[in-house]
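Source file final27.cif; content: mmCIF, C-alpha atoms, pLDDT in the B column; chains and numbers go by the auth columns.
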```cif
data_upload
loop_
_atom_site.group_PDB
_atom_site.id
_atom_site.type_symbol
_atom_site.label_atom_id
_atom_site.label_comp_id
_atom_site.label_asym_id
_atom_site.label_seq_id
_atom_site.Cartn_x
_atom_site.Cartn_y
_atom_site.Cartn_z
_atom_site.B_iso_or_equiv
_atom_site.auth_seq_id
_atom_site.auth_asym_id
ATOM 1 C CA MET A 1 -34.473 60.804 -17.296 62.00 5 A
ATOM 2 C CA CYS A 2 -37.685 60.063 -19.154 67.00 6 A
ATOM 3 C CA PRO A 3 -40.403 58.041 -17.422 66.00 7 A
ATOM 4 C CA GLN A 4 -40.028 55.178 -19.925 65.00 8 A
ATOM 5 C CA CYS A 5 -36.285 54.967 -19.217 62.00 9 A
ATOM 6 C CA VAL A 6 -36.952 54.781 -15.484 59.00 10 A
ATOM 7 C CA VAL A 7 -39.405 51.899 -16.083 58.00 11 A
ATOM 8 C CA ALA A 8 -36.882 50.137 -18.359 62.00 12 A
ATOM 9 C CA TRP A 9 -34.080 50.517 -15.786 61.00 13 A
ATOM 10 C CA SER A 10 -36.350 49.384 -12.975 65.00 14 A
ATOM 11 C CA THR A 11 -37.397 46.340 -15.008 67.00 15 A
ATOM 12 C CA LEU A 12 -33.762 45.515 -15.759 61.00 16 A
ATOM 13 C CA LEU A 13 -32.848 45.846 -12.099 63.00 17 A
ATOM 14 C CA VAL A 14 -35.732 43.584 -11.029 58.00 18 A
ATOM 15 C CA LEU A 15 -34.863 41.003 -13.691 60.00 19 A
ATOM 16 C CA GLY A 16 -31.171 41.178 -12.749 61.00 20 A
ATOM 17 C CA ALA A 17 -31.990 40.716 -9.080 59.00 21 A
ATOM 18 C CA ALA A 18 -34.253 37.759 -9.929 59.00 22 A
ATOM 19 C CA TRP A 19 -31.526 36.199 -12.076 58.00 23 A
ATOM 20 C CA ILE A 20 -28.954 36.647 -9.298 64.00 24 A
ATOM 21 C CA ALA A 21 -31.345 35.198 -6.708 60.00 25 A
ATOM 22 C CA ALA A 22 -32.071 32.188 -8.928 61.00 26 A
ATOM 23 C CA ASN A 23 -28.380 31.541 -9.571 59.00 27 A
ATOM 24 C CA VAL A 24 -27.486 31.980 -5.922 58.00 28 A
ATOM 25 C CA PHE A 25 -30.156 29.375 -5.094 59.00 29 A
ATOM 26 C CA VAL A 26 -28.680 27.018 -7.706 58.00 30 A
ATOM 27 C CA PHE A 27 -25.184 27.682 -6.383 62.00 31 A
ATOM 28 C CA VAL A 28 -26.257 27.005 -2.780 60.00 32 A
ATOM 29 C CA ARG A 29 -27.981 23.757 -3.812 70.00 33 A
ATOM 30 C CA ALA A 30 -24.913 22.696 -5.807 65.00 34 A
ATOM 31 C CA ARG A 31 -22.692 23.502 -2.847 69.00 35 A
ATOM 32 C CA HIS A 32 -24.862 21.410 -0.508 68.00 36 A
ATOM 33 C CA TRP A 33 -24.843 18.513 -3.001 73.00 37 A
ATOM 34 C CA LEU A 34 -21.069 18.752 -3.348 72.00 38 A
ATOM 35 C CA LEU A 35 -20.582 18.770 0.430 76.00 39 A
ATOM 36 C CA ARG A 36 -22.841 15.696 0.794 78.00 40 A
ATOM 37 C CA GLU A 37 -20.830 13.908 -1.915 76.00 41 A
ATOM 38 C CA MET A 38 -17.561 14.814 -0.223 75.00 42 A
ATOM 39 C CA VAL A 39 -18.830 13.438 3.093 76.00 43 A
ATOM 40 C CA GLU A 40 -19.933 10.239 1.317 79.00 44 A
ATOM 41 C CA ILE A 41 -16.555 9.855 -0.407 73.00 45 A
ATOM 42 C CA HIS A 42 -14.765 10.455 2.896 73.00 46 A
ATOM 43 C CA SER A 43 -16.978 7.860 4.551 76.00 47 A
ATOM 44 C CA GLN A 44 -16.254 5.336 1.785 75.00 48 A
ATOM 45 C CA GLN A 45 -12.530 6.072 2.034 77.00 49 A
ATOM 46 C CA ALA A 46 -12.614 5.545 5.803 76.00 50 A
ATOM 47 C CA TRP A 47 -14.460 2.255 5.291 76.00 51 A
ATOM 48 C CA LEU A 48 -11.912 1.148 2.688 73.00 52 A
ATOM 49 C CA ASP A 49 -9.008 2.093 4.984 79.00 53 A
ATOM 50 C CA ASP A 50 -10.586 0.083 7.807 76.00 54 A
ATOM 51 C CA MET A 51 -11.125 -2.889 5.509 77.00 55 A
ATOM 52 C CA VAL A 52 -7.515 -2.855 4.252 75.00 56 A
ATOM 53 C CA ARG A 53 -6.229 -2.507 7.813 76.00 57 A
ATOM 54 C CA THR A 54 -8.370 -5.433 8.970 76.00 58 A
ATOM 55 C CA VAL A 55 -7.385 -7.699 6.082 76.00 59 A
ATOM 56 C CA THR A 56 -3.679 -6.984 6.469 77.00 60 A
ATOM 57 C CA GLU A 57 -3.814 -7.381 10.257 80.00 61 A
ATOM 58 C CA LEU A 58 -5.621 -10.722 10.048 77.00 62 A
ATOM 59 C CA ALA A 59 -3.325 -12.116 7.358 83.00 63 A
ATOM 60 C CA SER A 60 -1.306 -15.127 8.462 86.00 64 A
ATOM 61 C CA ASP A 61 1.531 -13.899 6.225 93.00 65 A
ATOM 62 C CA ALA A 62 3.709 -10.981 7.232 95.00 66 A
ATOM 63 C CA PHE A 63 2.519 -7.727 5.657 95.00 67 A
ATOM 64 C CA ILE A 64 4.849 -4.780 5.141 96.00 68 A
ATOM 65 C CA ALA A 65 4.124 -1.535 3.284 95.00 69 A
ATOM 66 C CA ILE A 66 6.831 0.978 2.373 96.00 70 A
ATOM 67 C CA ASN A 67 6.892 4.291 0.554 96.00 71 A
ATOM 68 C CA GLU A 68 9.134 5.256 -2.337 95.00 72 A
ATOM 69 C CA LYS A 69 11.874 6.251 0.136 96.00 73 A
ATOM 70 C CA SER A 70 11.868 2.664 1.496 96.00 74 A
ATOM 71 C CA GLU A 71 10.406 3.820 4.826 97.00 75 A
ATOM 72 C CA ILE A 72 8.154 1.287 6.535 97.00 76 A
ATOM 73 C CA LEU A 73 4.546 2.495 6.733 95.00 77 A
ATOM 74 C CA ARG A 74 2.695 -0.648 7.845 94.00 78 A
ATOM 75 C CA TRP A 75 3.794 -3.761 9.701 96.00 79 A
ATOM 76 C CA ASN A 76 1.334 -6.399 10.859 95.00 80 A
ATOM 77 C CA TYR A 77 1.449 -8.849 13.778 94.00 81 A
ATOM 78 C CA SER A 78 2.654 -11.665 11.517 95.00 82 A
ATOM 79 C CA ALA A 79 5.607 -9.457 10.504 96.00 83 A
ATOM 80 C CA GLU A 80 6.363 -9.000 14.197 96.00 84 A
ATOM 81 C CA ALA A 81 6.323 -12.767 14.733 95.00 85 A
ATOM 82 C CA LEU A 82 8.381 -13.555 11.629 96.00 86 A
ATOM 83 C CA LEU A 83 10.991 -10.815 11.814 97.00 87 A
ATOM 84 C CA GLY A 84 11.169 -9.992 15.514 96.00 88 A
ATOM 85 C CA TRP A 85 10.607 -6.234 15.271 96.00 89 A
ATOM 86 C CA LYS A 86 7.541 -4.817 17.029 97.00 90 A
ATOM 87 C CA ARG A 87 5.318 -2.584 14.912 95.00 91 A
ATOM 88 C CA HIS A 88 6.237 0.591 16.812 96.00 92 A
ATOM 89 C CA GLU A 89 9.932 -0.234 16.339 96.00 93 A
ATOM 90 C CA ALA A 90 9.659 -0.936 12.597 97.00 94 A
ATOM 91 C CA ILE A 91 7.315 1.805 11.381 96.00 95 A
ATOM 92 C CA GLY A 92 9.287 4.809 10.169 97.00 96 A
ATOM 93 C CA LYS A 93 12.522 2.856 9.793 97.00 97 A
ATOM 94 C CA SER A 94 14.094 1.928 6.481 96.00 98 A
ATOM 95 C CA LEU A 95 13.260 -1.480 5.035 97.00 99 A
ATOM 96 C CA ALA A 96 17.024 -2.036 5.246 96.00 100 A
ATOM 97 C CA ILE A 97 16.446 -3.445 8.756 97.00 101 A
ATOM 98 C CA ILE A 98 15.310 -6.711 7.117 97.00 102 A
ATOM 99 C CA ILE A 99 17.563 -6.705 4.036 96.00 103 A
ATOM 100 C CA PRO A 100 20.978 -8.401 4.199 94.00 104 A
ATOM 101 C CA GLU A 101 23.662 -5.725 4.265 94.00 105 A
ATOM 102 C CA GLU A 102 25.255 -6.901 1.008 93.00 106 A
ATOM 103 C CA LEU A 103 21.877 -6.558 -0.794 94.00 107 A
ATOM 104 C CA ARG A 104 20.808 -3.141 0.506 94.00 108 A
ATOM 105 C CA GLN A 105 22.331 -1.148 -2.338 94.00 109 A
ATOM 106 C CA SER A 106 20.702 -3.484 -4.876 92.00 110 A
ATOM 107 C CA HIS A 107 17.361 -2.828 -3.188 94.00 111 A
ATOM 108 C CA LEU A 108 17.848 0.947 -3.433 94.00 112 A
ATOM 109 C CA ASP A 109 19.005 0.659 -7.064 93.00 113 A
ATOM 110 C CA GLY A 110 15.944 -1.462 -7.892 93.00 114 A
ATOM 111 C CA LEU A 111 13.656 1.047 -6.203 94.00 115 A
ATOM 112 C CA LYS A 112 15.210 3.894 -8.203 94.00 116 A
ATOM 113 C CA ARG A 113 14.916 1.867 -11.427 94.00 117 A
ATOM 114 C CA PHE A 114 11.216 1.306 -10.736 94.00 118 A
ATOM 115 C CA LEU A 115 10.620 5.006 -10.031 94.00 119 A
ATOM 116 C CA ASP A 116 12.403 5.869 -13.306 94.00 120 A
ATOM 117 C CA THR A 117 10.937 3.135 -15.552 93.00 121 A
ATOM 118 C CA GLY A 118 7.940 1.582 -13.796 91.00 122 A
ATOM 119 C CA GLU A 119 9.572 -1.849 -13.984 91.00 123 A
ATOM 120 C CA GLY A 120 11.122 -4.123 -11.401 89.00 124 A
ATOM 121 C CA PRO A 121 12.262 -7.755 -11.499 87.00 125 A
ATOM 122 C CA TYR A 122 10.679 -8.713 -8.153 88.00 126 A
ATOM 123 C CA LEU A 123 7.314 -6.980 -8.560 92.00 127 A
ATOM 124 C CA LYS A 124 3.892 -8.544 -9.162 91.00 128 A
ATOM 125 C CA LYS A 125 5.086 -12.141 -8.867 92.00 129 A
ATOM 126 C CA THR A 126 6.097 -14.640 -6.217 92.00 130 A
ATOM 127 C CA VAL A 127 9.828 -14.596 -5.459 92.00 131 A
ATOM 128 C CA GLU A 128 12.075 -16.142 -2.841 91.00 132 A
ATOM 129 C CA LEU A 129 14.199 -13.704 -0.862 93.00 133 A
ATOM 130 C CA ILE A 130 16.459 -13.687 2.166 92.00 134 A
ATOM 131 C CA ALA A 131 15.243 -11.577 5.095 95.00 135 A
ATOM 132 C CA VAL A 132 17.146 -10.652 8.224 95.00 136 A
ATOM 133 C CA THR A 133 15.403 -10.958 11.580 96.00 137 A
ATOM 134 C CA ARG A 134 15.930 -8.606 14.491 96.00 138 A
ATOM 135 C CA ASN A 135 18.417 -11.012 16.077 96.00 139 A
ATOM 136 C CA GLY A 136 20.447 -11.029 12.841 94.00 140 A
ATOM 137 C CA SER A 137 19.546 -14.497 11.610 93.00 141 A
ATOM 138 C CA ARG A 138 18.729 -14.939 7.944 92.00 142 A
ATOM 139 C CA ILE A 139 15.551 -16.636 6.840 92.00 143 A
ATOM 140 C CA LEU A 140 14.175 -17.652 3.469 91.00 144 A
ATOM 141 C CA VAL A 141 10.837 -16.026 2.650 94.00 145 A
ATOM 142 C CA GLU A 142 8.435 -16.156 -0.246 94.00 146 A
ATOM 143 C CA ALA A 143 7.380 -12.621 -1.170 94.00 147 A
ATOM 144 C CA VAL A 144 4.741 -11.015 -3.343 94.00 148 A
ATOM 145 C CA ILE A 145 5.388 -7.299 -3.837 95.00 149 A
ATOM 146 C CA GLN A 146 2.843 -4.968 -5.413 95.00 150 A
ATOM 147 C CA PRO A 147 3.491 -1.319 -6.307 95.00 151 A
ATOM 148 C CA LEU A 148 0.525 1.011 -5.707 92.00 152 A
ATOM 149 C CA ARG A 149 0.145 4.652 -6.669 92.00 153 A
ATOM 150 C CA PHE A 150 -1.354 6.897 -3.955 84.00 154 A
ATOM 151 C CA HIS A 151 -1.869 10.513 -4.930 83.00 155 A
ATOM 152 C CA ASP A 152 1.563 11.620 -6.162 89.00 156 A
ATOM 153 C CA SER A 153 3.760 8.900 -4.676 92.00 157 A
ATOM 154 C CA TRP A 154 4.395 5.169 -4.898 95.00 158 A
ATOM 155 C CA HIS A 155 3.850 2.666 -2.114 95.00 159 A
ATOM 156 C CA PHE A 156 4.886 -0.966 -2.159 96.00 160 A
ATOM 157 C CA TRP A 157 2.882 -3.634 -0.368 95.00 161 A
ATOM 158 C CA ALA A 158 4.470 -6.989 0.353 95.00 162 A
ATOM 159 C CA PHE A 159 3.259 -10.226 1.847 95.00 163 A
ATOM 160 C CA LEU A 160 6.038 -12.468 3.160 95.00 164 A
ATOM 161 C CA ARG A 161 5.692 -16.165 3.943 93.00 165 A
ATOM 162 C CA ASP A 162 8.195 -18.045 6.068 93.00 166 A
ATOM 163 C CA LEU A 163 9.787 -20.860 4.048 90.00 167 A
ATOM 164 C CA ARG A 164 11.870 -22.335 6.866 84.00 168 A
ATOM 165 C CA GLY A 165 9.323 -25.120 7.418 74.00 169 A
ATOM 166 C CA LYS A 166 9.069 -25.783 3.695 71.00 170 A
ATOM 167 C CA MET A 167 12.841 -26.062 3.389 61.00 171 A
ATOM 168 C CA SER A 168 12.998 -28.484 6.314 62.00 172 A
ATOM 169 C CA LEU A 169 10.320 -30.622 4.675 60.00 173 A
ATOM 170 C CA GLU A 170 12.120 -30.550 1.317 67.00 174 A
ATOM 171 C CA GLN A 171 15.398 -31.460 3.023 66.00 175 A
ATOM 172 C CA GLU A 172 13.632 -34.371 4.779 62.00 176 A
ATOM 173 C CA ILE A 173 12.182 -35.575 1.446 69.00 177 A
ATOM 174 C CA GLN A 174 15.645 -35.432 -0.139 71.00 178 A
ATOM 175 C CA ARG A 175 17.100 -37.377 2.811 70.00 179 A
ATOM 176 C CA LEU A 176 14.403 -40.054 2.469 70.00 180 A
ATOM 177 C CA ARG A 177 14.912 -40.282 -1.307 75.00 181 A
ATOM 178 C CA ALA A 178 18.650 -40.713 -0.798 73.00 182 A
ATOM 179 C CA GLY A 179 17.950 -43.455 1.737 70.00 183 A
ATOM 180 C CA ILE A 180 15.587 -45.240 -0.645 74.00 184 A
ATOM 181 C CA ARG A 181 18.208 -45.020 -3.437 73.00 185 A
ATOM 182 C CA ARG A 182 20.833 -46.530 -1.122 72.00 186 A
ATOM 183 C CA ASP A 183 18.416 -49.317 -0.147 67.00 187 A
ATOM 184 C CA MET A 184 17.588 -50.007 -3.800 71.00 188 A
ATOM 185 C CA GLU A 185 21.261 -50.168 -4.769 75.00 189 A
ATOM 186 C CA ALA A 186 22.131 -52.542 -1.919 65.00 190 A
#
```
Represent the structure from my file as structure tokens, please.
Amino acid sequence: MCPQCVVAWSTLLVLGAAWIAANVFVFVRARHWLLREMVEIHSQQAWLDDMVRTVTELASDAFIAINEKSEILRWNYSAEALLGWKRHEAIGKSLAIIIPEELRQSHLDGLKRFLDTGEGPYLKKTVELIAVTRNGSRILVEAVIQPLRFHDSWHFWAFLRDLRGKMSLEQEIQRLRAGIRRDMEA
């Protein structure tokens, strides 16, 4: 090989090595930046999870979260008090434990309809429902149910409020009104 060719090849090799070194440096810096960002995102996610857990645990209303298979994922202390099931007993079970037997198939049909269409008659608004407690008694509850997409699956978060006291108060008001009407007519 001629001396000029050797110099040209040597120059190309040096330039190639310098280019590789520069790009490796850029790659390493980009990798470090990406790892720092991932740690930050993980930290923010952990903070958000803690915040959601705290808010739902401190809520005076019962909080229940289920997945798209109707399996209970979260159950707060107010749900324990309202429905009688302890958290460790409820988590992992089907939501059917609190749905009247004659309404369970309707619940599953509604869940399937939502998964197929994205619509549901009881979602994103306040509705009154019947819930079954652990001892089998039926109670009237006010519910707000919100569907949430997590990764590739749907979760449903619900807050339930006991309406037994409200119904007693309304019944008392009706009794008093009836008494006043009787007194007025007499």
Could you tell me, as a PDB file with C-alpha atoms, in the coordinates of the input, exactly which residues end up selected when the PyMOL selection byres ((chain A and resi 142) around 12) is applied to this structure?
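This went into result-v8.pdb:
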```pdb
ATOM      1  CA  LEU A  86       8.381 -13.555  11.629  1.00 96.00           C
ATOM      2  CA  LEU A  87      10.991 -10.815  11.814  1.00 97.00           C
ATOM      3  CA  GLY A  88      11.169  -9.992  15.514  1.00 96.00           C
ATOM      4  CA  ILE A 101      16.446  -3.445   8.756  1.00 97.00           C
ATOM      5  CA  ILE A 102      15.310  -6.711   7.117  1.00 97.00           C
ATOM      6  CA  ILE A 103      17.563  -6.705   4.036  1.00 96.00           C
ATOM      7  CA  PRO A 104      20.978  -8.401   4.199  1.00 94.00           C
ATOM      8  CA  GLU A 105      23.662  -5.725   4.265  1.00 94.00           C
ATOM      9  CA  LEU A 133      14.199 -13.704  -0.862  1.00 93.00           C
ATOM     10  CA  ILE A 134      16.459 -13.687   2.166  1.00 92.00           C
ATOM     11  CA  ALA A 135      15.243 -11.577   5.095  1.00 95.00           C
ATOM     12  CA  VAL A 136      17.146 -10.652   8.224  1.00 95.00           C
ATOM     13  CA  THR A 137      15.403 -10.958  11.580  1.00 96.00           C
ATOM     14  CA  ARG A 138      15.930  -8.606  14.491  1.00 96.00           C
ATOM     15  CA  ASN A 139      18.417 -11.012  16.077  1.00 96.00           C
ATOM     16  CA  GLY A 140      20.447 -11.029  12.841  1.00 94.00           C
ATOM     17  CA  SER A 141      19.546 -14.497  11.610  1.00 93.00           C
ATOM     18  CA  ILE A 143      15.551 -16.636   6.840  1.00 92.00           C
ATOM     19  CA  LEU A 144      14.175 -17.652   3.469  1.00 91.00           C
ATOM     20  CA  VAL A 145      10.837 -16.026   2.650  1.00 94.00           C
ATOM     21  CA  ASP A 166       8.195 -18.045   6.068  1.00 93.00           C
ATOM     22  CA  LEU A 167       9.787 -20.860   4.048  1.00 90.00           C
ATOM     23  CA  ARG A 168      11.870 -22.335   6.866  1.00 84.00           C
TER      24      ARG A 168
END
```
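As for CA of Leu119 in chain A and CA of Arg78 in chain A, they are spaced 20.4 Å apart.
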#### Entry: Shortest interatomic distance to Ser64 in chain A - which of A:Arg165, A:His46, A:Arg40, A:Lys116, counting all atoms listed in the file
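Closest candidate: A:Arg165.
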### Message
the PyMOL selection byres ((chain A and resi 81) around 9) - which residues does that actually catch in the file I just gave you? List them as a PyMOL selection string.
### Response
chain A and resi 61-64+66-67+79-80+82-86+90-91
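Atom pair CA of Gln178 in chain A / CA of Lys129 in chain A: separated by 27.0 Å.
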### Spatial neighbours of range 69-75 of chain A, 9 Å, all atoms listed in the file, chain gap at least 4 places, as a list in words
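Listed by chain and then number, they are Trp79, Ile95, Gly96, Lys97, Ser98, Leu99, Ala100, Leu112, Leu115, Lys116, Leu119, Ser157, Trp158, His159, Phe160, Trp161, Ala162 and Phe163 of chain A.
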### Query
Between CA of Ile149 in chain A and CA of Pro125 in chain A, what is the distance, to one decimal in Å?
10.3 Å
### Message
So, with all atoms listed in the file as the atoms that count, which of A:Arg33, A:His111, A:Arg179, A:Lys170 lies closest to Glu146 in chain A?
### Response
A:Lys170
Could I see range 107-135 of chain A restored to N, CA and C atoms, set down as a PDB file, in the frame of the given file?
```
ATOM      1  N   LEU A 107      22.930  -6.736   0.217  1.00 94.00           N
ATOM      2  CA  LEU A 107      21.877  -6.558  -0.794  1.00 94.00           C
ATOM      3  C   LEU A 107      21.165  -5.207  -0.696  1.00 94.00           C
ATOM      4  N   ARG A 108      21.515  -4.410   0.282  1.00 94.00           N
ATOM      5  CA  ARG A 108      20.808  -3.141   0.506  1.00 94.00           C
ATOM      6  C   ARG A 108      20.957  -2.176  -0.656  1.00 94.00           C
ATOM      7  N   GLN A 109      22.146  -2.065  -1.210  1.00 94.00           N
ATOM      8  CA  GLN A 109      22.331  -1.148  -2.338  1.00 94.00           C
ATOM      9  C   GLN A 109      21.551  -1.629  -3.559  1.00 94.00           C
ATOM     10  N   SER A 110      21.495  -2.935  -3.760  1.00 92.00           N
ATOM     11  CA  SER A 110      20.702  -3.484  -4.876  1.00 92.00           C
ATOM     12  C   SER A 110      19.228  -3.139  -4.706  1.00 92.00           C
ATOM     13  N   HIS A 111      18.751  -3.205  -3.464  1.00 94.00           N
ATOM     14  CA  HIS A 111      17.361  -2.828  -3.188  1.00 94.00           C
ATOM     15  C   HIS A 111      17.121  -1.368  -3.561  1.00 94.00           C
ATOM     16  N   LEU A 112      18.010  -0.483  -3.129  1.00 94.00           N
ATOM     17  CA  LEU A 112      17.848   0.947  -3.433  1.00 94.00           C
ATOM     18  C   LEU A 112      17.957   1.212  -4.932  1.00 94.00           C
ATOM     19  N   ASP A 113      18.870   0.512  -5.611  1.00 93.00           N
ATOM     20  CA  ASP A 113      19.005   0.659  -7.064  1.00 93.00           C
ATOM     21  C   ASP A 113      17.737   0.181  -7.763  1.00 93.00           C
ATOM     22  N   GLY A 114      17.178  -0.947  -7.300  1.00 93.00           N
ATOM     23  CA  GLY A 114      15.944  -1.462  -7.892  1.00 93.00           C
ATOM     24  C   GLY A 114      14.778  -0.523  -7.666  1.00 93.00           C
ATOM     25  N   LEU A 115      14.705   0.076  -6.502  1.00 94.00           N
ATOM     26  CA  LEU A 115      13.656   1.047  -6.203  1.00 94.00           C
ATOM     27  C   LEU A 115      13.776   2.256  -7.125  1.00 94.00           C
ATOM     28  N   LYS A 116      14.989   2.746  -7.308  1.00 94.00           N
ATOM     29  CA  LYS A 116      15.210   3.894  -8.203  1.00 94.00           C
ATOM     30  C   LYS A 116      14.849   3.524  -9.642  1.00 94.00           C
ATOM     31  N   ARG A 117      15.239   2.311 -10.070  1.00 94.00           N
ATOM     32  CA  ARG A 117      14.916   1.867 -11.427  1.00 94.00           C
ATOM     33  C   ARG A 117      13.399   1.832 -11.623  1.00 94.00           C
ATOM     34  N   PHE A 118      12.678   1.328 -10.615  1.00 94.00           N
ATOM     35  CA  PHE A 118      11.216   1.306 -10.736  1.00 94.00           C
ATOM     36  C   PHE A 118      10.661   2.724 -10.841  1.00 94.00           C
ATOM     37  N   LEU A 119      11.133   3.635 -10.006  1.00 94.00           N
ATOM     38  CA  LEU A 119      10.620   5.006 -10.031  1.00 94.00           C
ATOM     39  C   LEU A 119      10.921   5.687 -11.365  1.00 94.00           C
ATOM     40  N   ASP A 120      12.034   5.298 -12.003  1.00 94.00           N
ATOM     41  CA  ASP A 120      12.403   5.869 -13.306  1.00 94.00           C
ATOM     42  C   ASP A 120      11.668   5.207 -14.469  1.00 94.00           C
ATOM     43  N   THR A 121      11.450   3.878 -14.390  1.00 93.00           N
ATOM     44  CA  THR A 121      10.937   3.135 -15.552  1.00 93.00           C
ATOM     45  C   THR A 121       9.579   2.472 -15.339  1.00 93.00           C
ATOM     46  N   GLY A 122       9.189   2.296 -14.071  1.00 91.00           N
ATOM     47  CA  GLY A 122       7.940   1.582 -13.796  1.00 91.00           C
ATOM     48  C   GLY A 122       8.095   0.073 -13.849  1.00 91.00           C
ATOM     49  N   GLU A 123       9.320  -0.410 -13.901  1.00 91.00           N
ATOM     50  CA  GLU A 123       9.572  -1.849 -13.984  1.00 91.00           C
ATOM     51  C   GLU A 123      10.478  -2.294 -12.849  1.00 91.00           C
ATOM     52  N   GLY A 124      10.286  -3.547 -12.445  1.00 89.00           N
ATOM     53  CA  GLY A 124      11.122  -4.123 -11.401  1.00 89.00           C
ATOM     54  C   GLY A 124      11.076  -5.631 -11.481  1.00 89.00           C
ATOM     55  N   PRO A 125      12.206  -6.302 -11.320  1.00 87.00           N
ATOM     56  CA  PRO A 125      12.262  -7.755 -11.499  1.00 87.00           C
ATOM     57  C   PRO A 125      11.540  -8.557 -10.415  1.00 87.00           C
ATOM     58  N   TYR A 126      11.300  -7.971  -9.255  1.00 88.00           N
ATOM     59  CA  TYR A 126      10.679  -8.713  -8.153  1.00 88.00           C
ATOM     60  C   TYR A 126       9.221  -8.331  -7.918  1.00 88.00           C
ATOM     61  N   LEU A 127       8.662  -7.495  -8.785  1.00 92.00           N
ATOM     62  CA  LEU A 127       7.314  -6.980  -8.560  1.00 92.00           C
ATOM     63  C   LEU A 127       6.248  -7.826  -9.250  1.00 92.00           C
ATOM     64  N   LYS A 128       5.093  -7.911  -8.605  1.00 91.00           N
ATOM     65  CA  LYS A 128       3.892  -8.544  -9.162  1.00 91.00           C
ATOM     66  C   LYS A 128       4.058 -10.027  -9.449  1.00 91.00           C
ATOM     67  N   LYS A 129       4.938 -10.695  -8.727  1.00 92.00           N
ATOM     68  CA  LYS A 129       5.086 -12.141  -8.867  1.00 92.00           C
ATOM     69  C   LYS A 129       5.655 -12.693  -7.570  1.00 92.00           C
ATOM     70  N   THR A 130       5.576 -13.991  -7.418  1.00 92.00           N
ATOM     71  CA  THR A 130       6.097 -14.640  -6.217  1.00 92.00           C
ATOM     72  C   THR A 130       7.591 -14.895  -6.392  1.00 92.00           C
ATOM     73  N   VAL A 131       8.373 -14.424  -5.412  1.00 92.00           N
ATOM     74  CA  VAL A 131       9.828 -14.596  -5.459  1.00 92.00           C
ATOM     75  C   VAL A 131      10.316 -15.073  -4.089  1.00 92.00           C
ATOM     76  N   GLU A 132      11.447 -15.736  -4.091  1.00 91.00           N
ATOM     77  CA  GLU A 132      12.075 -16.142  -2.841  1.00 91.00           C
ATOM     78  C   GLU A 132      13.204 -15.170  -2.535  1.00 91.00           C
ATOM     79  N   LEU A 133      13.211 -14.684  -1.300  1.00 93.00           N
ATOM     80  CA  LEU A 133      14.199 -13.704  -0.862  1.00 93.00           C
ATOM     81  C   LEU A 133      14.759 -14.097   0.500  1.00 93.00           C
ATOM     82  N   ILE A 134      15.880 -13.521   0.835  1.00 92.00           N
ATOM     83  CA  ILE A 134      16.459 -13.687   2.166  1.00 92.00           C
ATOM     84  C   ILE A 134      16.084 -12.452   2.977  1.00 92.00           C
ATOM     85  N   ALA A 135      15.552 -12.673   4.178  1.00 95.00           N
ATOM     86  CA  ALA A 135      15.243 -11.577   5.095  1.00 95.00           C
ATOM     87  C   ALA A 135      16.086 -11.749   6.349  1.00 95.00           C
TER      88      ALA A 135
END
```
